[in-house]
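Student: My structure is below; once you've seen it, I'll send some questions.
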Amino acid sequence: MEKLNERLPNEAKTVWRIHGIIIFVVLMMMVVAYGVIRLFVSELPYWPIWLGVVFAGIMGIIHIFITPPIKMMYWGYELREEEIDIQYGLIVIRRTLIPMTRIQHVDTEHGPIQRRFKLATLSISTAGGNHKIPALKEATANALRQDIARLANMSEDEDE
């Protein structure tokens with residue numbers, strides 16, 4: 001499988017790791033909540049606490065250490081005159097070609113974690129669905145949004 005020219009910045013890995021930490025903390029809070037309830041309801045068994053700790057630990061390891069580097073290896077995109085080529089995935093690697101003539105609108109979005117690292121997600125809407133390129137540098141995302149909007153309008157003008 002050929003690699004696409006454009007890759008995500010290294011900060012994307014950091015953002016994905018922070019999301020993994022959040023998942024781990026939420027799961028551990030659920031385990032602690034069960035433990036607190038167990039203090040007041042002595043009929044509840046102890047084993048769910050240990051199971052929860054193991055599960056949270058495994059999920060934390062997967063989401064913090066394993067998936068971010070794999071995502072970085074396979075995420076790529078390429079903007080061409082006629083289409084956008086996007087590749088992504090963990091176990092199943094997907095490759096999507098989005099024709100410029102099918103693009104309805106393009107947005108950028110970012111949450112507080114991405115904003116902290118000056119990253120944004122590019123969202124491309126077509127009649128067939130929504131496609132995203134996550135964790136791009138803000139300047140890159142804004143430039144891509146402008147380029148795609150220009151190329152999509154040019155494609156519509158050429159069809160008329």
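Each chain in the structure tokens gets a letter, A, B and so on, in the order shown; residues start at 1 in every chain, and ligands are counted from 1 in the order they appear.
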Among the residues of chain A, find those DSSP assigns to alpha helix (DSSP H) from the backbone and print them as a VMD selection string.
Tutor: chain A and resid 11 to 40 47 to 61 67 to 74 112 to 116 138 to 159
Student: Once DSSP has gone over the backbone, tell me which residues of segment 8-96 of chain A are in strand (DSSP E), as a list in words.
Tutor: Gly76, Tyr77, Glu78, Leu79, Glu83, Ile84, Asp85, Ile86, Gln87, Tyr88, Arg94, Arg95 and Thr96 of chain A
Student: Which residues, written as a compact mmCIF listing (two decimals) with C-alpha atoms, in the first residue's frame, have at least one atom at most 10 Å from Met29 of chain A, with only C-alpha atoms counted and residues fewer than 6 positions away on the same chain left out?
Tutor:
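What landed in around37.txt:
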```txt
# COMPACT_ATOMS: atom_id res chain seq x y z
CA ILE A 23 -10.60 7.24 29.34
CA GLY A 35 -15.65 0.64 45.97
CA GLY A 52 -12.48 -3.01 37.01
CA ALA A 56 -9.11 0.07 33.26
```
Student: Neighbours of Arg94 of chain A within 12 Å (only C-alpha atoms; same-chain residues fewer than 2 positions away dropped), as a ChimeraX atom specification?
Tutor: /A:1,71,74-77,85-92,96-97,131
Student: Write to file, as a JSON list (two decimals), in the first residue's frame, the residues of the selection just made, with C-alpha atoms.
Tutor:
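The resulting selection-v2.json:
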```json
[["chain", "number", "residue", "atom", "x", "y", "z"],
["A", 1, "MET", "CA", 0.00, 0.00, 0.00],
["A", 71, "LYS", "CA", -2.67, 5.69, 14.17],
["A", 74, "TYR", "CA", -1.50, 4.86, 8.96],
["A", 75, "TRP", "CA", -3.11, 8.32, 8.97],
["A", 76, "GLY", "CA", -2.42, 10.21, 5.78],
["A", 77, "TYR", "CA", -4.11, 12.46, 3.26],
["A", 85, "ASP", "CA", -7.40, 10.89, -0.75],
["A", 86, "ILE", "CA", -7.63, 9.90, 2.94],
["A", 87, "GLN", "CA", -6.12, 6.82, 4.59],
["A", 88, "TYR", "CA", -6.75, 5.80, 8.20],
["A", 89, "GLY", "CA", -7.33, 2.88, 10.54],
["A", 90, "LEU", "CA", -5.84, 0.64, 13.20],
["A", 91, "ILE", "CA", -6.57, -2.96, 12.32],
["A", 92, "VAL", "CA", -8.52, -2.37, 9.13],
["A", 96, "THR", "CA", -11.28, 6.99, 0.89],
["A", 97, "LEU", "CA", -11.33, 9.08, -2.28],
["A", 131, "HIS", "CA", -15.12, 12.62, 6.55]]
```
Student: Could you list, as a compact mmCIF listing (two decimals) with N, CA and C atoms, in the first residue's frame, every residue within 7 Å of His63 of chain A, counting only C-alpha atoms and ignoring same-chain residues fewer than 3 positions away?
Tutor:
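As written to disk, around09.txt reads:
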```
# COMPACT_ATOMS: atom_id res chain seq x y z
N ARG A 17 -3.00 10.52 23.20
CA ARG A 17 -2.58 9.98 24.50
C ARG A 17 -3.35 10.65 25.64
N GLY A 20 -6.59 9.08 25.85
CA GLY A 20 -6.43 7.78 26.50
C GLY A 20 -6.36 7.92 28.01
N MET A 59 -7.25 -1.04 29.23
CA MET A 59 -7.74 0.02 28.34
C MET A 59 -6.79 1.22 28.34
N GLY A 60 -6.24 1.55 29.50
CA GLY A 60 -5.28 2.66 29.59
C GLY A 60 -4.03 2.37 28.77
N ILE A 66 -0.40 2.12 22.94
CA ILE A 66 -0.41 1.27 21.74
C ILE A 66 -1.05 1.94 20.54
N THR A 67 -2.28 2.45 20.67
CA THR A 67 -2.98 2.97 19.49
C THR A 67 -2.42 4.29 18.93
```
Student: Using only C-alpha atoms, can you tell me which of A:Leu8, A:Val31, A:Ile103, A:Ile133 comes closest to Gly57 of chain A?
Tutor: A:Val31
Student: Would you mind listing what lies within 7 Å of segment 98-102 of chain A as a ChimeraX atom specification, with only C-alpha atoms counted and same-chain residues fewer than 3 positions away left out?
Tutor: /A:82-85,126-127,151-152,155-156
Student: Distance atom CA of Leu122 of chain A-atom CA of Leu136 of chain A, one decimal place?
Tutor: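 Calculated distance between atom CA of Leu122 of chain A and atom CA of Leu136 of chain A is 7.5 Å.
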Student: Might you pull out every residue within 12 Å of Val32 of chain A, with only C-alpha atoms counted and same-chain residues fewer than 2 positions away left off, and present them as a ChimeraX atom specification?
Tutor: /A:25-30,34-39,46,48-50,52-53,56
Student: Could you write out the selected residues, including C-alpha atoms, as a PDB file, in the first residue's frame?
Tutor:
```pdb
ATOM      1  CA  VAL A  25      -9.322   8.171  34.654  1.00  0.00           C
ATOM      2  CA  VAL A  26     -13.069   7.837  33.940  1.00  0.00           C
ATOM      3  CA  LEU A  27     -12.862   4.038  34.171  1.00  0.00           C
ATOM      4  CA  MET A  28     -10.905   4.262  37.440  1.00  0.00           C
ATOM      5  CA  MET A  29     -13.475   6.719  38.834  1.00  0.00           C
ATOM      6  CA  MET A  30     -16.162   4.120  38.107  1.00  0.00           C
ATOM      7  CA  TYR A  34     -18.197   0.977  43.144  1.00  0.00           C
ATOM      8  CA  GLY A  35     -15.652   0.643  45.974  1.00  0.00           C
ATOM      9  CA  VAL A  36     -17.297   3.479  47.904  1.00  0.00           C
ATOM     10  CA  ILE A  37     -20.732   1.947  47.402  1.00  0.00           C
ATOM     11  CA  ARG A  38     -19.249  -1.390  48.551  1.00  0.00           C
ATOM     12  CA  LEU A  39     -18.288   0.265  51.864  1.00  0.00           C
ATOM     13  CA  TYR A  46     -15.119  -7.455  45.959  1.00  0.00           C
ATOM     14  CA  PRO A  48     -15.808  -6.328  40.447  1.00  0.00           C
ATOM     15  CA  ILE A  49     -13.245  -3.924  41.944  1.00  0.00           C
ATOM     16  CA  TRP A  50     -10.321  -6.099  40.833  1.00  0.00           C
ATOM     17  CA  GLY A  52     -12.477  -3.010  37.007  1.00  0.00           C
ATOM     18  CA  VAL A  53      -8.868  -2.192  37.896  1.00  0.00           C
ATOM     19  CA  ALA A  56      -9.110   0.071  33.263  1.00  0.00           C
TER      20      ALA A  56
END
```
Student: Interatomic distance between atom CA of Leu4 of chain A and atom CA of Pro112 of chain A?
Tutor: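 A separation of 28.6 Å between them.
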Student: Figure out the distance between atom CA of Ala12 of chain A and atom CA of Ile148 of chain A, please, to one decimal in Å.
Tutor: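 Separating atom CA of Ile148 of chain A from atom CA of Ala12 of chain A is a distance of 21.8 Å.
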